[in-house]
Structure formats: C-alpha cells, structure tokens
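With PDB, C-alpha atoms, pLDDT in the B column inside, this is model09.pdb:
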```
ATOM      1  CA  MET A 200     278.852 -49.008 -10.693  1.00 41.00           C
ATOM      2  CA  LYS A 201     275.381 -50.530 -11.139  1.00 45.00           C
ATOM      3  CA  LYS A 202     276.642 -52.610 -14.069  1.00 47.00           C
ATOM      4  CA  TYR A 203     279.549 -54.047 -12.021  1.00 41.00           C
ATOM      5  CA  LEU A 204     277.247 -55.052  -9.177  1.00 39.00           C
ATOM      6  CA  PHE A 205     274.944 -56.644 -11.719  1.00 44.00           C
ATOM      7  CA  ILE A 206     277.835 -58.644 -13.209  1.00 42.00           C
ATOM      8  CA  LEU A 207     278.902 -59.817  -9.737  1.00 39.00           C
ATOM      9  CA  LEU A 208     275.352 -60.922  -8.963  1.00 43.00           C
ATOM     10  CA  ALA A 209     275.137 -62.596 -12.349  1.00 45.00           C
ATOM     11  CA  SER A 210     278.297 -64.596 -11.770  1.00 44.00           C
ATOM     12  CA  LEU A 211     276.870 -65.861  -8.499  1.00 40.00           C
ATOM     13  CA  LEU A 212     273.623 -66.867 -10.231  1.00 43.00           C
ATOM     14  CA  VAL A 213     275.497 -68.710 -12.948  1.00 43.00           C
ATOM     15  CA  ALA A 214     277.724 -70.517 -10.470  1.00 42.00           C
ATOM     16  CA  CYS A 215     274.756 -71.570  -8.346  1.00 43.00           C
ATOM     17  CA  GLY A 216     272.608 -72.591 -11.295  1.00 42.00           C
ATOM     18  CA  SER A 217     275.179 -74.632 -13.223  1.00 39.00           C
ATOM     19  CA  PRO A 218     275.319 -78.371 -12.820  1.00 38.00           C
ATOM     20  CA  ALA A 219     278.711 -79.968 -12.227  1.00 34.00           C
ATOM     21  CA  THR A 220     278.520 -81.796 -15.545  1.00 35.00           C
ATOM     22  CA  ARG A 221     276.395 -81.323 -18.606  1.00 40.00           C
ATOM     23  CA  THR A 222     274.996 -84.508 -20.044  1.00 44.00           C
ATOM     24  CA  ASP A 223     275.007 -83.114 -23.589  1.00 46.00           C
ATOM     25  CA  ASN A 224     278.797 -82.487 -23.624  1.00 46.00           C
ATOM     26  CA  THR A 225     278.351 -78.722 -23.887  1.00 50.00           C
ATOM     27  CA  SER A 226     281.144 -77.055 -21.948  1.00 69.00           C
ATOM     28  CA  ASP A 227     280.027 -75.427 -18.695  1.00 78.00           C
ATOM     29  CA  ASP A 228     282.863 -72.926 -19.034  1.00 83.00           C
ATOM     30  CA  ARG A 229     281.764 -71.896 -22.526  1.00 87.00           C
ATOM     31  CA  MET A 230     278.159 -71.479 -21.424  1.00 89.00           C
ATOM     32  CA  ASN A 231     279.208 -69.507 -18.350  1.00 90.00           C
ATOM     33  CA  ASP A 232     281.330 -67.241 -20.559  1.00 94.00           C
ATOM     34  CA  LEU A 233     278.373 -66.752 -22.896  1.00 96.00           C
ATOM     35  CA  VAL A 234     276.058 -65.906 -19.983  1.00 96.00           C
ATOM     36  CA  MET A 235     278.619 -63.554 -18.443  1.00 96.00           C
ATOM     37  CA  TYR A 236     278.967 -61.711 -21.746  1.00 97.00           C
ATOM     38  CA  ALA A 237     275.176 -61.542 -22.042  1.00 97.00           C
ATOM     39  CA  MET A 238     275.022 -60.024 -18.553  1.00 97.00           C
ATOM     40  CA  SER A 239     277.756 -57.512 -19.313  1.00 97.00           C
ATOM     41  CA  LEU A 240     275.280 -55.913 -21.719  1.00 97.00           C
ATOM     42  CA  ALA A 241     272.798 -55.171 -18.915  1.00 95.00           C
ATOM     43  CA  ASP A 242     271.053 -51.826 -19.193  1.00 95.00           C
ATOM     44  CA  THR A 243     271.718 -51.543 -22.946  1.00 96.00           C
ATOM     45  CA  PRO A 244     268.578 -49.742 -24.136  1.00 95.00           C
ATOM     46  CA  TYR A 245     265.811 -51.348 -26.151  1.00 94.00           C
ATOM     47  CA  ARG A 246     265.589 -50.418 -29.810  1.00 94.00           C
ATOM     48  CA  PHE A 247     263.176 -52.016 -32.262  1.00 93.00           C
ATOM     49  CA  GLY A 248     265.270 -53.859 -34.858  1.00 93.00           C
ATOM     50  CA  GLY A 249     268.404 -53.121 -32.817  1.00 93.00           C
ATOM     51  CA  ASN A 250     271.346 -55.495 -32.860  1.00 91.00           C
ATOM     52  CA  SER A 251     274.311 -53.685 -31.284  1.00 93.00           C
ATOM     53  CA  SER A 252     275.418 -52.526 -27.873  1.00 93.00           C
ATOM     54  CA  ASP A 253     276.099 -49.085 -29.367  1.00 93.00           C
ATOM     55  CA  ASN A 254     272.585 -48.523 -30.706  1.00 92.00           C
ATOM     56  CA  GLY A 255     270.445 -50.860 -28.589  1.00 95.00           C
ATOM     57  CA  PHE A 256     268.773 -54.236 -28.981  1.00 96.00           C
ATOM     58  CA  ASP A 257     265.427 -55.816 -29.526  1.00 96.00           C
ATOM     59  CA  CYS A 258     265.027 -59.326 -28.068  1.00 96.00           C
ATOM     60  CA  SER A 259     266.188 -61.352 -31.050  1.00 97.00           C
ATOM     61  CA  GLY A 260     268.894 -58.840 -31.970  1.00 97.00           C
ATOM     62  CA  TYR A 261     270.269 -59.185 -28.441  1.00 97.00           C
ATOM     63  CA  VAL A 262     270.316 -63.007 -28.516  1.00 97.00           C
ATOM     64  CA  ARG A 263     271.757 -62.962 -32.017  1.00 97.00           C
ATOM     65  CA  HIS A 264     274.542 -60.584 -30.928  1.00 97.00           C
ATOM     66  CA  VAL A 265     275.494 -62.657 -27.863  1.00 97.00           C
ATOM     67  CA  PHE A 266     275.672 -65.932 -29.788  1.00 96.00           C
ATOM     68  CA  SER A 267     277.579 -64.306 -32.644  1.00 95.00           C
ATOM     69  CA  GLN A 268     280.179 -62.790 -30.318  1.00 94.00           C
ATOM     70  CA  MET A 269     280.573 -65.756 -27.985  1.00 93.00           C
ATOM     71  CA  ALA A 270     279.916 -68.781 -30.217  1.00 91.00           C
ATOM     72  CA  GLY A 271     280.473 -67.542 -33.745  1.00 90.00           C
ATOM     73  CA  LEU A 272     276.887 -68.416 -34.668  1.00 92.00           C
ATOM     74  CA  SER A 273     274.802 -66.481 -37.140  1.00 93.00           C
ATOM     75  CA  LEU A 274     271.263 -66.750 -35.804  1.00 96.00           C
ATOM     76  CA  PRO A 275     268.202 -65.295 -37.512  1.00 95.00           C
ATOM     77  CA  HIS A 276     266.926 -61.898 -36.318  1.00 93.00           C
ATOM     78  CA  ASN A 277     263.549 -63.363 -35.451  1.00 96.00           C
ATOM     79  CA  ALA A 278     262.393 -65.188 -32.305  1.00 97.00           C
ATOM     80  CA  LEU A 279     260.107 -67.551 -34.223  1.00 97.00           C
ATOM     81  CA  ALA A 280     262.935 -68.625 -36.541  1.00 97.00           C
ATOM     82  CA  MET A 281     265.241 -69.127 -33.531  1.00 97.00           C
ATOM     83  CA  SER A 282     262.604 -71.344 -31.917  1.00 97.00           C
ATOM     84  CA  ARG A 283     263.132 -73.886 -34.702  1.00 96.00           C
ATOM     85  CA  LEU A 284     266.879 -74.286 -34.087  1.00 96.00           C
ATOM     86  CA  GLY A 285     268.666 -76.744 -31.835  1.00 94.00           C
ATOM     87  CA  LYS A 286     267.036 -79.268 -29.548  1.00 95.00           C
ATOM     88  CA  LYS A 287     263.671 -78.794 -27.845  1.00 97.00           C
ATOM     89  CA  ILE A 288     264.035 -79.106 -24.059  1.00 97.00           C
ATOM     90  CA  THR A 289     261.658 -79.031 -21.091  1.00 97.00           C
ATOM     91  CA  PRO A 290     261.785 -76.386 -18.350  1.00 96.00           C
ATOM     92  CA  ASP A 291     263.328 -78.862 -15.905  1.00 96.00           C
ATOM     93  CA  GLU A 292     266.186 -79.449 -18.390  1.00 96.00           C
ATOM     94  CA  LEU A 293     267.122 -75.750 -18.647  1.00 96.00           C
ATOM     95  CA  LYS A 294     270.801 -74.875 -18.272  1.00 95.00           C
ATOM     96  CA  PRO A 295     272.593 -71.544 -18.584  1.00 96.00           C
ATOM     97  CA  GLY A 296     272.857 -70.528 -22.220  1.00 96.00           C
ATOM     98  CA  ASP A 297     269.625 -72.177 -23.365  1.00 97.00           C
ATOM     99  CA  LEU A 298     267.088 -70.079 -25.269  1.00 98.00           C
ATOM    100  CA  VAL A 299     263.669 -69.454 -23.718  1.00 98.00           C
ATOM    101  CA  PHE A 300     260.637 -68.318 -25.710  1.00 98.00           C
ATOM    102  CA  PHE A 301     257.461 -66.457 -24.827  1.00 98.00           C
ATOM    103  CA  ASN A 302     254.215 -65.265 -26.400  1.00 97.00           C
ATOM    104  CA  THR A 303     254.261 -61.503 -25.776  1.00 94.00           C
ATOM    105  CA  LEU A 304     252.542 -60.262 -28.938  1.00 93.00           C
ATOM    106  CA  LYS A 305     249.536 -62.611 -29.029  1.00 92.00           C
ATOM    107  CA  ARG A 306     251.497 -65.030 -31.186  1.00 93.00           C
ATOM    108  CA  SER A 307     253.698 -67.949 -30.198  1.00 94.00           C
ATOM    109  CA  PHE A 308     257.461 -67.498 -30.015  1.00 97.00           C
ATOM    110  CA  SER A 309     257.324 -63.712 -30.312  1.00 97.00           C
ATOM    111  CA  HIS A 310     259.942 -63.087 -27.598  1.00 97.00           C
ATOM    112  CA  VAL A 311     263.279 -64.750 -26.800  1.00 98.00           C
ATOM    113  CA  GLY A 312     265.814 -64.576 -23.977  1.00 98.00           C
ATOM    114  CA  ILE A 313     268.813 -66.486 -22.629  1.00 98.00           C
ATOM    115  CA  TYR A 314     268.430 -68.676 -19.540  1.00 98.00           C
ATOM    116  CA  VAL A 315     271.010 -67.759 -16.854  1.00 97.00           C
ATOM    117  CA  GLY A 316     270.139 -70.239 -14.074  1.00 96.00           C
ATOM    118  CA  ASN A 317     267.964 -70.272 -10.960  1.00 96.00           C
ATOM    119  CA  ASN A 318     264.735 -69.809 -12.967  1.00 97.00           C
ATOM    120  CA  ARG A 319     265.986 -66.514 -14.399  1.00 98.00           C
ATOM    121  CA  PHE A 320     266.617 -65.298 -17.923  1.00 98.00           C
ATOM    122  CA  ILE A 321     268.157 -62.216 -19.497  1.00 98.00           C
ATOM    123  CA  HIS A 322     266.482 -60.396 -22.355  1.00 97.00           C
ATOM    124  CA  ALA A 323     265.915 -57.091 -24.104  1.00 96.00           C
ATOM    125  CA  PRO A 324     262.417 -56.085 -22.999  1.00 92.00           C
ATOM    126  CA  SER A 325     260.036 -53.882 -24.910  1.00 83.00           C
ATOM    127  CA  SER A 326     260.361 -50.183 -25.547  1.00 73.00           C
ATOM    128  CA  GLY A 327     261.434 -48.035 -22.632  1.00 77.00           C
ATOM    129  CA  GLY A 328     263.552 -50.677 -20.935  1.00 86.00           C
ATOM    130  CA  GLY A 329     267.048 -52.028 -21.129  1.00 94.00           C
ATOM    131  CA  VAL A 330     268.586 -55.494 -21.118  1.00 97.00           C
ATOM    132  CA  GLU A 331     267.669 -57.087 -17.786  1.00 96.00           C
ATOM    133  CA  VAL A 332     267.459 -60.331 -15.828  1.00 97.00           C
ATOM    134  CA  VAL A 333     263.975 -61.421 -14.754  1.00 97.00           C
ATOM    135  CA  SER A 334     262.431 -64.400 -13.023  1.00 98.00           C
ATOM    136  CA  MET A 335     260.682 -66.989 -15.150  1.00 97.00           C
ATOM    137  CA  GLN A 336     258.440 -67.531 -12.126  1.00 97.00           C
ATOM    138  CA  ASP A 337     256.896 -64.068 -12.445  1.00 97.00           C
ATOM    139  CA  LYS A 338     253.215 -64.505 -13.320  1.00 97.00           C
ATOM    140  CA  TYR A 339     253.634 -62.559 -16.578  1.00 96.00           C
ATOM    141  CA  TRP A 340     256.342 -64.914 -17.895  1.00 97.00           C
ATOM    142  CA  VAL A 341     254.750 -68.124 -16.588  1.00 97.00           C
ATOM    143  CA  GLN A 342     251.553 -67.353 -18.504  1.00 97.00           C
ATOM    144  CA  ARG A 343     253.462 -66.625 -21.714  1.00 97.00           C
ATOM    145  CA  PHE A 344     256.132 -69.363 -21.738  1.00 98.00           C
ATOM    146  CA  ASN A 345     256.242 -71.179 -25.113  1.00 97.00           C
ATOM    147  CA  GLY A 346     259.251 -73.446 -24.736  1.00 97.00           C
ATOM    148  CA  ALA A 347     263.025 -73.707 -24.708  1.00 98.00           C
ATOM    149  CA  ARG A 348     265.778 -74.795 -27.073  1.00 97.00           C
ATOM    150  CA  ARG A 349     269.403 -75.822 -26.655  1.00 96.00           C
ATOM    151  CA  LEU A 350     271.735 -74.948 -29.503  1.00 92.00           C
ATOM    152  CA  LEU A 351     273.712 -78.180 -29.873  1.00 67.00           C
ATOM    153  CA  VAL A 352     276.239 -76.584 -32.210  1.00 51.00           C
ATOM    154  CA  LEU A 353     277.931 -75.325 -29.040  1.00 48.00           C
ATOM    155  CA  GLN A 354     279.139 -78.878 -28.449  1.00 46.00           C
ATOM    156  CA  LEU A 355     281.909 -78.321 -30.987  1.00 42.00           C
ATOM    157  CA  PRO A 356     285.394 -77.772 -29.559  1.00 43.00           C
ATOM    158  CA  ALA A 357     286.225 -74.078 -29.144  1.00 46.00           C
ATOM    159  CA  GLY A 358     288.788 -74.154 -31.985  1.00 47.00           C
ATOM    160  CA  LEU A 359     286.164 -75.233 -34.522  1.00 38.00           C
ATOM    161  CA  LEU A 360     283.899 -72.197 -34.145  1.00 39.00           C
TER     162      LEU A 360
END
```
Would you write the structure of this file as structure tokens?
Amino acid sequence: MKKYLFILLASLLVACGSPATRTDNTSDDRMNDLVMYAMSLADTPYRFGGNSSDNGFDCSGYVRHVFSQMAGLSLPHNALAMSRLGKKITPDELKPGDLVFFNTLKRSFSHVGIYVGNNRFIHAPSSGGGVEVVSMQDKYWVQRFNGARRLLVLQLPAGLL
C-alpha cells in the first residue's frame, strides 16, 4: 500500500514540476514515463554494486537500470562516468529525468540520482536504506551538489531507441 501511495504522490510531483513544453525537444511524456518507472522502484533496498530490483541497487546501478529499461540506454555503472555524458545544465534548468550529482564520499560526482521535479530527486541511498525521493533543498544535499546533466539522446523518436 505504501508503494501505491508513493506512486500517486510521485505522479502529482511530476505533473506539477513539468513545464508545458521542453525547449530541447525531449518529450515530456517520455520523461514522465521514465520518472514514473523510477518511482515505481521506491523502497527497493540498497545493495553495493546492485543493479536490479530483485537484488537491490546502488546509486549508479539504479540510474543505469531506469535508463536501460525506459530509454534503451546502456549507461556506465559509475556516477563519475555518468557525469561526463549528455549536456551540462544549471539547477534552474532542471527538468524531470535529468541526472543530478553529489559529492558524498569526499570526491566529486560520487553519487547520482534522477530529478523528479519540485526540487526533488529519487536515488538509491547508502547502506540500510531503500530507493527514495528527497529534497535537493535539504542542507545535506545543498552542500554536496556537484552539478546536473541532461541526456540528449532521449530526443530521438521512441521508435529509434
């Protein structure tokens, strides 16, 4: 039941946080579908090196899984490597589906999540937690924010992925 309430809340966040049109031609519907799938994995447990909903996720394994399932992309299983993909964007340019990066291990780009709208992102936190949505305005995340990227490959028509 908790998961269904979470998905309902998530759909409201996505709807409220999505602009009417995206200036980069990325489909709002495709990004909303990606974010909804990402949210459907809420509460999946953390597992170091994990990359499946059956066994758990670490942060990059989670992002990699979502983009593989929803966009047919094969991303690296490493937040730093992901931070070099796509187009660098500023926090005020963030849209649902963009990647957000943080310094959580005393090194830049050591953590990654997926922006869902309304200054929130979804991620697989460290050991002992499960996939969750958190506010980017929380002091912890503000102090550790490293940047954001938009994967422009998602501009391709759905039939080409």
Let me know the residues the PyMOL selection byres ((chain A and resi 265-282) around 10) catches in the file above, as an mmCIF file with C-alpha atoms, in the frame of the given file.
```cif
data_model
loop_
_atom_site.group_PDB
_atom_site.id
_atom_site.type_symbol
_atom_site.label_atom_id
_atom_site.label_comp_id
_atom_site.auth_asym_id
_atom_site.auth_seq_id
_atom_site.Cartn_x
_atom_site.Cartn_y
_atom_site.Cartn_z
ATOM 1 C CA ARG A 229 281.764 -71.896 -22.526
ATOM 2 C CA MET A 230 278.159 -71.479 -21.424
ATOM 3 C CA ASP A 232 281.330 -67.241 -20.559
ATOM 4 C CA LEU A 233 278.373 -66.752 -22.896
ATOM 5 C CA VAL A 234 276.058 -65.906 -19.983
ATOM 6 C CA MET A 235 278.619 -63.554 -18.443
ATOM 7 C CA TYR A 236 278.967 -61.711 -21.746
ATOM 8 C CA ALA A 237 275.176 -61.542 -22.042
ATOM 9 C CA MET A 238 275.022 -60.024 -18.553
ATOM 10 C CA LEU A 240 275.280 -55.913 -21.719
ATOM 11 C CA GLY A 248 265.270 -53.859 -34.858
ATOM 12 C CA GLY A 249 268.404 -53.121 -32.817
ATOM 13 C CA ASN A 250 271.346 -55.495 -32.860
ATOM 14 C CA SER A 251 274.311 -53.685 -31.284
ATOM 15 C CA ASP A 257 265.427 -55.816 -29.526
ATOM 16 C CA CYS A 258 265.027 -59.326 -28.068
ATOM 17 C CA SER A 259 266.188 -61.352 -31.050
ATOM 18 C CA GLY A 260 268.894 -58.840 -31.970
ATOM 19 C CA TYR A 261 270.269 -59.185 -28.441
ATOM 20 C CA VAL A 262 270.316 -63.007 -28.516
ATOM 21 C CA ARG A 263 271.757 -62.962 -32.017
ATOM 22 C CA HIS A 264 274.542 -60.584 -30.928
ATOM 23 C CA ARG A 283 263.132 -73.886 -34.702
ATOM 24 C CA LEU A 284 266.879 -74.286 -34.087
ATOM 25 C CA GLY A 285 268.666 -76.744 -31.835
ATOM 26 C CA LYS A 286 267.036 -79.268 -29.548
ATOM 27 C CA LYS A 287 263.671 -78.794 -27.845
ATOM 28 C CA GLY A 296 272.857 -70.528 -22.220
ATOM 29 C CA LEU A 298 267.088 -70.079 -25.269
ATOM 30 C CA VAL A 299 263.669 -69.454 -23.718
ATOM 31 C CA PHE A 300 260.637 -68.318 -25.710
ATOM 32 C CA PHE A 301 257.461 -66.457 -24.827
ATOM 33 C CA ARG A 306 251.497 -65.030 -31.186
ATOM 34 C CA SER A 307 253.698 -67.949 -30.198
ATOM 35 C CA PHE A 308 257.461 -67.498 -30.015
ATOM 36 C CA SER A 309 257.324 -63.712 -30.312
ATOM 37 C CA HIS A 310 259.942 -63.087 -27.598
ATOM 38 C CA VAL A 311 263.279 -64.750 -26.800
ATOM 39 C CA GLY A 312 265.814 -64.576 -23.977
ATOM 40 C CA ILE A 313 268.813 -66.486 -22.629
ATOM 41 C CA ASN A 345 256.242 -71.179 -25.113
ATOM 42 C CA GLY A 346 259.251 -73.446 -24.736
ATOM 43 C CA ALA A 347 263.025 -73.707 -24.708
ATOM 44 C CA ARG A 348 265.778 -74.795 -27.073
ATOM 45 C CA ARG A 349 269.403 -75.822 -26.655
ATOM 46 C CA LEU A 350 271.735 -74.948 -29.503
ATOM 47 C CA VAL A 352 276.239 -76.584 -32.210
ATOM 48 C CA LEU A 353 277.931 -75.325 -29.040
ATOM 49 C CA LEU A 355 281.909 -78.321 -30.987
ATOM 50 C CA ALA A 357 286.225 -74.078 -29.144
ATOM 51 C CA LEU A 359 286.164 -75.233 -34.522
ATOM 52 C CA LEU A 360 283.899 -72.197 -34.145
#
```
Please identify every residue of segment 234-300 of chain A that has at least one atom no farther than 6 Å from an atom of segment 318-335 of chain A, counting all atoms listed in the file, and for each give the shortest atom pair and the distance in Å to one decimal, arranged by chain then increasing number, as CSV.
```
residue,atom,partner,partner_atom,distance
A:Ala241,CA,A:Val330,CA,4.8
A:Asp242,CA,A:Gly329,CA,4.5
A:Thr243,CA,A:Gly329,CA,5.0
A:Pro244,CA,A:Gly329,CA,4.1
A:Tyr245,CA,A:Gly329,CA,5.2
A:Asp257,CA,A:Ala323,CA,5.6
A:Cys258,CA,A:Ala323,CA,4.6
```
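Atom CA of Asn302 of chain A is found 8.6 Å from atom CA of Gln342 of chain A.
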Could you tell me how far atom CA of Tyr314 of chain A sits from atom CA of Lys294 of chain A, in Å to one decimal place?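 Between atom CA of Lys294 of chain A and atom CA of Tyr314 of chain A the gap works out to 6.8 Å.
From atom CA of Asp297 of chain A back to atom CA of Val315 of chain A, the distance works out to 8.0 Å.
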What are the centre and edge lengths in Å, to one decimal, of the axis-aligned box around all listed atoms of segment 252-268 of chain A with 3 Å added on each side, as AutoDock Vina command-line options?
```
--center_x 272.6 --center_y -57.2 --center_z -30.3 --size_x 21.2 --size_y 23.4 --size_z 10.8
```
Kindly output segment 316-331 of chain A as a short mmCIF file (atom, residue, chain, number, x, y, z; two decimals), in the frame of the given file, after building N, CA and C atoms.
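Final output, saved to part-v8.cif:
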```
data_model
loop_
_atom_site.label_atom_id
_atom_site.label_comp_id
_atom_site.auth_asym_id
_atom_site.auth_seq_id
_atom_site.Cartn_x
_atom_site.Cartn_y
_atom_site.Cartn_z
N GLY A 316 270.10 -69.38 -15.26
CA GLY A 316 270.14 -70.24 -14.07
C GLY A 316 269.17 -69.75 -13.02
N ASN A 317 268.85 -70.61 -12.08
CA ASN A 317 267.96 -70.27 -10.96
C ASN A 317 266.63 -69.68 -11.40
N ASN A 318 266.03 -70.26 -12.44
CA ASN A 318 264.74 -69.81 -12.97
C ASN A 318 264.74 -68.35 -13.41
N ARG A 319 265.87 -67.88 -13.92
CA ARG A 319 265.99 -66.51 -14.40
C ARG A 319 266.49 -66.51 -15.84
N PHE A 320 266.10 -65.47 -16.57
CA PHE A 320 266.62 -65.30 -17.92
C PHE A 320 266.92 -63.83 -18.15
N ILE A 321 267.78 -63.58 -19.13
CA ILE A 321 268.16 -62.22 -19.50
C ILE A 321 267.61 -61.95 -20.90
N HIS A 322 267.12 -60.73 -21.08
CA HIS A 322 266.48 -60.40 -22.36
C HIS A 322 266.47 -58.89 -22.55
N ALA A 323 266.15 -58.50 -23.78
CA ALA A 323 265.92 -57.09 -24.10
C ALA A 323 264.40 -56.90 -24.10
N PRO A 324 263.87 -56.25 -23.08
CA PRO A 324 262.42 -56.08 -23.00
C PRO A 324 261.92 -55.04 -23.99
N SER A 325 260.64 -54.81 -23.95
CA SER A 325 260.04 -53.88 -24.91
C SER A 325 260.49 -52.44 -24.69
N SER A 326 260.02 -51.60 -25.53
CA SER A 326 260.36 -50.18 -25.55
C SER A 326 260.36 -49.56 -24.15
N GLY A 327 261.34 -48.74 -23.90
CA GLY A 327 261.43 -48.04 -22.63
C GLY A 327 262.30 -48.73 -21.60
N GLY A 328 262.73 -49.94 -21.89
CA GLY A 328 263.55 -50.68 -20.94
C GLY A 328 264.94 -50.91 -21.49
N GLY A 329 265.71 -51.64 -20.71
CA GLY A 329 267.05 -52.03 -21.13
C GLY A 329 267.23 -53.50 -20.84
N VAL A 330 268.30 -54.08 -21.35
CA VAL A 330 268.59 -55.49 -21.12
C VAL A 330 268.56 -55.75 -19.62
N GLU A 331 267.84 -56.80 -19.21
CA GLU A 331 267.67 -57.09 -17.79
C GLU A 331 267.47 -58.57 -17.54
#
```
